[in-house]
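Student: Dropping in structure.cif, with mmCIF, N, CA and C atoms.
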```cif
data_entry
#
loop_
_atom_site.label_atom_id
_atom_site.label_comp_id
_atom_site.auth_asym_id
_atom_site.auth_seq_id
_atom_site.Cartn_x
_atom_site.Cartn_y
_atom_site.Cartn_z
N MET A 157 64.89 94.75 79.93
CA MET A 157 65.24 95.91 80.69
C MET A 157 66.76 96.03 80.80
N GLU A 158 67.25 97.20 80.48
CA GLU A 158 68.68 97.43 80.58
C GLU A 158 69.01 98.06 81.92
N GLN A 159 70.05 97.53 82.53
CA GLN A 159 70.53 98.14 83.76
C GLN A 159 71.72 99.02 83.40
N GLN A 160 71.64 100.25 83.85
CA GLN A 160 72.71 101.18 83.55
C GLN A 160 73.81 101.03 84.59
N GLN A 161 75.02 100.80 84.12
CA GLN A 161 76.15 100.65 85.02
C GLN A 161 76.57 102.04 85.52
N PRO A 162 76.72 102.19 86.84
CA PRO A 162 77.12 103.50 87.36
C PRO A 162 78.55 103.82 86.94
N SER A 163 78.79 105.09 86.65
CA SER A 163 80.12 105.48 86.22
C SER A 163 81.04 105.66 87.43
N THR A 164 82.31 105.71 87.15
CA THR A 164 83.31 105.86 88.19
C THR A 164 83.34 107.30 88.67
N ASP A 165 83.36 107.48 89.98
CA ASP A 165 83.47 108.82 90.55
C ASP A 165 84.94 109.25 90.48
N LYS A 166 85.23 110.22 89.65
CA LYS A 166 86.61 110.61 89.36
C LYS A 166 87.31 111.23 90.57
N ASP A 167 86.57 111.98 91.39
CA ASP A 167 87.20 112.61 92.55
C ASP A 167 87.64 111.57 93.57
N VAL A 168 86.81 110.58 93.80
CA VAL A 168 87.15 109.53 94.76
C VAL A 168 88.28 108.67 94.21
N LEU A 169 88.27 108.42 92.91
CA LEU A 169 89.35 107.68 92.27
C LEU A 169 90.68 108.42 92.42
N ARG A 170 90.66 109.73 92.23
CA ARG A 170 91.87 110.54 92.39
C ARG A 170 92.38 110.48 93.83
N LYS A 171 91.46 110.48 94.79
CA LYS A 171 91.86 110.39 96.20
C LYS A 171 92.53 109.04 96.49
N GLY A 172 92.00 107.97 95.91
CA GLY A 172 92.58 106.64 96.10
C GLY A 172 93.96 106.52 95.49
N ILE A 173 94.13 107.09 94.30
CA ILE A 173 95.45 107.04 93.65
C ILE A 173 96.45 107.88 94.44
N THR A 174 95.98 109.00 95.00
CA THR A 174 96.86 109.83 95.83
C THR A 174 97.33 109.07 97.06
N ARG A 175 96.44 108.30 97.68
CA ARG A 175 96.84 107.51 98.84
C ARG A 175 97.83 106.42 98.46
N LEU A 176 97.66 105.83 97.30
CA LEU A 176 98.65 104.84 96.85
C LEU A 176 100.00 105.49 96.59
N MET A 177 99.99 106.70 96.04
CA MET A 177 101.25 107.40 95.79
C MET A 177 101.93 107.81 97.10
N MET A 178 101.14 108.08 98.14
CA MET A 178 101.72 108.42 99.43
C MET A 178 102.41 107.22 100.07
N ALA A 179 102.03 106.02 99.68
CA ALA A 179 102.62 104.81 100.24
C ALA A 179 104.00 104.51 99.66
N ILE A 180 104.31 105.04 98.50
CA ILE A 180 105.56 104.69 97.81
C ILE A 180 106.81 105.05 98.63
N PRO A 181 106.91 106.27 99.20
CA PRO A 181 108.13 106.53 100.00
C PRO A 181 108.26 105.61 101.21
N PHE A 182 107.14 105.27 101.83
CA PHE A 182 107.19 104.38 102.99
C PHE A 182 107.57 102.96 102.58
N LEU A 183 107.19 102.55 101.36
CA LEU A 183 107.56 101.23 100.88
C LEU A 183 109.07 101.07 100.75
N PHE A 184 109.75 102.15 100.43
CA PHE A 184 111.20 102.09 100.29
C PHE A 184 111.92 102.40 101.60
N ALA A 185 111.43 103.37 102.35
CA ALA A 185 112.11 103.80 103.56
C ALA A 185 112.05 102.75 104.67
N GLY A 186 110.93 102.07 104.80
CA GLY A 186 110.79 101.07 105.86
C GLY A 186 111.80 99.94 105.77
N PRO A 187 111.88 99.23 104.66
CA PRO A 187 112.87 98.15 104.56
C PRO A 187 114.32 98.64 104.64
N VAL A 188 114.59 99.85 104.12
CA VAL A 188 115.96 100.38 104.21
C VAL A 188 116.34 100.61 105.66
N LEU A 189 115.42 101.19 106.43
CA LEU A 189 115.72 101.43 107.85
C LEU A 189 115.85 100.12 108.63
N ILE A 190 115.04 99.15 108.30
CA ILE A 190 115.15 97.84 108.96
C ILE A 190 116.50 97.19 108.64
N TYR A 191 116.92 97.30 107.39
CA TYR A 191 118.22 96.74 106.98
C TYR A 191 119.36 97.46 107.70
N LEU A 192 119.27 98.78 107.80
CA LEU A 192 120.31 99.53 108.52
C LEU A 192 120.33 99.17 110.00
N GLY A 193 119.16 98.95 110.57
CA GLY A 193 119.09 98.60 111.98
C GLY A 193 119.63 97.21 112.26
N ALA A 194 119.51 96.31 111.31
CA ALA A 194 120.00 94.95 111.52
C ALA A 194 121.52 94.89 111.57
N GLY A 195 122.18 95.85 110.95
CA GLY A 195 123.64 95.81 110.91
C GLY A 195 124.31 96.82 111.81
N SER A 196 123.57 97.54 112.65
CA SER A 196 124.19 98.59 113.45
C SER A 196 124.36 98.15 114.91
N ASP A 197 125.11 98.95 115.66
CA ASP A 197 125.34 98.66 117.07
C ASP A 197 124.12 98.98 117.93
N HIS A 198 123.37 99.99 117.54
CA HIS A 198 122.15 100.39 118.26
C HIS A 198 120.95 100.21 117.32
N PRO A 199 120.45 99.00 117.21
CA PRO A 199 119.43 98.73 116.19
C PRO A 199 118.08 99.38 116.48
N ILE A 200 117.79 99.71 117.73
CA ILE A 200 116.46 100.23 118.05
C ILE A 200 116.21 101.58 117.39
N ILE A 201 117.29 102.34 117.14
CA ILE A 201 117.16 103.66 116.51
C ILE A 201 116.62 103.53 115.09
N PHE A 202 116.99 102.48 114.39
CA PHE A 202 116.55 102.30 113.01
C PHE A 202 115.36 101.35 112.90
N LEU A 203 115.28 100.37 113.78
CA LEU A 203 114.24 99.36 113.66
C LEU A 203 112.84 99.90 113.94
N MET A 204 112.71 100.71 114.97
CA MET A 204 111.39 101.21 115.34
C MET A 204 110.78 102.09 114.24
N PRO A 205 111.50 103.09 113.72
CA PRO A 205 110.92 103.86 112.60
C PRO A 205 110.71 103.00 111.36
N GLY A 206 111.59 102.03 111.12
CA GLY A 206 111.43 101.16 109.95
C GLY A 206 110.16 100.33 110.03
N ILE A 207 109.89 99.78 111.21
CA ILE A 207 108.66 99.00 111.38
C ILE A 207 107.44 99.90 111.28
N ALA A 208 107.54 101.12 111.83
CA ALA A 208 106.42 102.06 111.74
C ALA A 208 106.17 102.47 110.29
N PHE A 209 107.24 102.69 109.52
CA PHE A 209 107.07 103.06 108.11
C PHE A 209 106.45 101.92 107.31
N CYS A 210 106.84 100.69 107.60
CA CYS A 210 106.24 99.55 106.92
C CYS A 210 104.75 99.44 107.25
N GLY A 211 104.40 99.69 108.51
CA GLY A 211 102.99 99.68 108.89
C GLY A 211 102.20 100.78 108.20
N LEU A 212 102.80 101.98 108.10
CA LEU A 212 102.13 103.07 107.39
C LEU A 212 101.95 102.75 105.91
N ALA A 213 102.94 102.10 105.31
CA ALA A 213 102.82 101.73 103.90
C ALA A 213 101.66 100.77 103.70
N ILE A 214 101.53 99.79 104.57
CA ILE A 214 100.42 98.83 104.47
C ILE A 214 99.09 99.55 104.65
N LEU A 215 99.02 100.47 105.61
CA LEU A 215 97.79 101.22 105.85
C LEU A 215 97.39 102.07 104.65
N PHE A 216 98.35 102.80 104.07
CA PHE A 216 98.05 103.64 102.92
C PHE A 216 97.64 102.80 101.70
N ILE A 217 98.28 101.66 101.52
CA ILE A 217 97.92 100.79 100.39
C ILE A 217 96.50 100.26 100.57
N PHE A 218 96.17 99.82 101.78
CA PHE A 218 94.83 99.32 102.04
C PHE A 218 93.79 100.41 101.83
N GLN A 219 94.02 101.60 102.36
CA GLN A 219 93.07 102.69 102.19
C GLN A 219 92.95 103.10 100.73
N GLY A 220 94.06 103.12 100.01
CA GLY A 220 94.02 103.52 98.60
C GLY A 220 93.24 102.53 97.75
N ILE A 221 93.49 101.24 97.94
CA ILE A 221 92.76 100.23 97.16
C ILE A 221 91.29 100.24 97.53
N ASN A 222 90.99 100.39 98.82
CA ASN A 222 89.61 100.43 99.26
C ASN A 222 88.88 101.64 98.67
N THR A 223 89.54 102.79 98.62
CA THR A 223 88.93 103.99 98.05
C THR A 223 88.72 103.85 96.55
N ILE A 224 89.69 103.25 95.85
CA ILE A 224 89.54 103.03 94.41
C ILE A 224 88.36 102.09 94.12
N LEU A 225 88.25 101.03 94.90
CA LEU A 225 87.13 100.11 94.70
C LEU A 225 85.80 100.78 95.03
N ASP A 226 85.78 101.65 96.03
CA ASP A 226 84.56 102.39 96.33
C ASP A 226 84.17 103.31 95.18
N SER A 227 85.15 103.90 94.53
CA SER A 227 84.84 104.81 93.42
C SER A 227 84.25 104.06 92.23
N MET A 228 84.61 102.80 92.09
CA MET A 228 84.10 102.04 90.94
C MET A 228 82.80 101.32 91.22
N PHE A 229 82.65 100.78 92.40
CA PHE A 229 81.53 99.86 92.64
C PHE A 229 80.48 100.37 93.61
N LYS A 230 80.74 101.43 94.34
CA LYS A 230 79.77 101.91 95.31
C LYS A 230 78.73 102.76 94.59
N THR A 231 77.46 102.44 94.77
CA THR A 231 76.41 103.18 94.08
C THR A 231 75.87 104.33 94.91
N ASP A 232 76.09 104.30 96.22
CA ASP A 232 75.62 105.37 97.08
C ASP A 232 76.53 106.57 96.91
N LYS A 233 75.98 107.76 96.82
CA LYS A 233 76.78 108.95 96.59
C LYS A 233 77.38 109.51 97.87
N ARG A 234 77.14 108.90 99.02
CA ARG A 234 77.73 109.37 100.27
C ARG A 234 79.09 108.72 100.43
N ARG A 235 80.13 109.33 99.91
CA ARG A 235 81.47 108.76 99.99
C ARG A 235 82.34 109.60 100.86
#
```
Could you render the structure from this file as structure tokens?
Tutor:
Amino acid sequence: MEQQQPSTDKDVLRKGITRLMMAIPFLFAGPVLIYLGAGSDHPIIFLMPGIAFCGLAILFIFQGINTILDSMFKTDKRR
């Protein structure tokens, strides 16, 4: 008996790649703001948004990878 491997859902894959692409600006902006905050007189102005941007980058990367894996391995069509 042959088991048919389910194909990748292209729409869900596209959504996952889009979420990964949304993380790219946050990956650069977060560390830059943290670096600027470390050398300034009022570091809280730069540190808080920098930490928030780094957190958003991690969130978008996690959601993007999770969505891509769902598009490849999830057999249920309720995505």
Student: Nearest to Phe218 (chain A): which of A:Gly206, A:Ser163, A:Leu176, A:Leu169 is it, counting only N, CA and C atoms?
Tutor: A:Leu176
Student: As an exercise, work out the distance from atom C of Val168 (chain A) to CA of Phe184 (chain A) in Å and give it to one decimal place.
Tutor: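 CA of Phe184 (chain A) lies 24.6 Å from atom C of Val168 (chain A).
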Student: Spell out the residues picked by the PyMOL selection byres (((chain A and resi 220 and name CA) around 10) and name CA) here, as a list in words.
Tutor: Val168, Leu169, Arg170, Lys171, Gly172, Ile173, Thr174, Arg175, Leu176, Met177, Met178, Ala179, Ile214, Leu215, Phe216, Ile217, Phe218, Gln219, Ile221, Asn222, Thr223, Ile224, Leu225 and Asp226 of chain A
Student: How far is it from CA of Ile180 (chain A) to atom C of Asp197 (chain A), in Å with one decimal?
Tutor: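 Between CA of Ile180 (chain A) and atom C of Asp197 (chain A) the gap is 28.0 Å.
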Student: Please report the interatomic distance between atom C of Ile200 (chain A) and atom C of Ala213 (chain A) in Å with one decimal.
Tutor: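 That distance, rounded to one decimal, is 20.0 Å.
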Student: Assuming 4 Å of padding per side, give the centre and edge lengths of the axis-aligned box around every listed atom of region 185-204 of chain A, in Å to one decimal and as AutoDock Vina command-line options.
Tutor:
```
--center_x 118.1 --center_y 99.3 --center_z 110.3 --size_x 22.6 --size_y 16.9 --size_z 23.9
```
Student: Care to translate the PyMOL selection byres (((chain A and resi 204 and name CA) around 12) and name CA) into actual residues of this file, as an MDAnalysis selection string?
Tutor: chainID A and resid 186:187 189:194 198:203 205:211
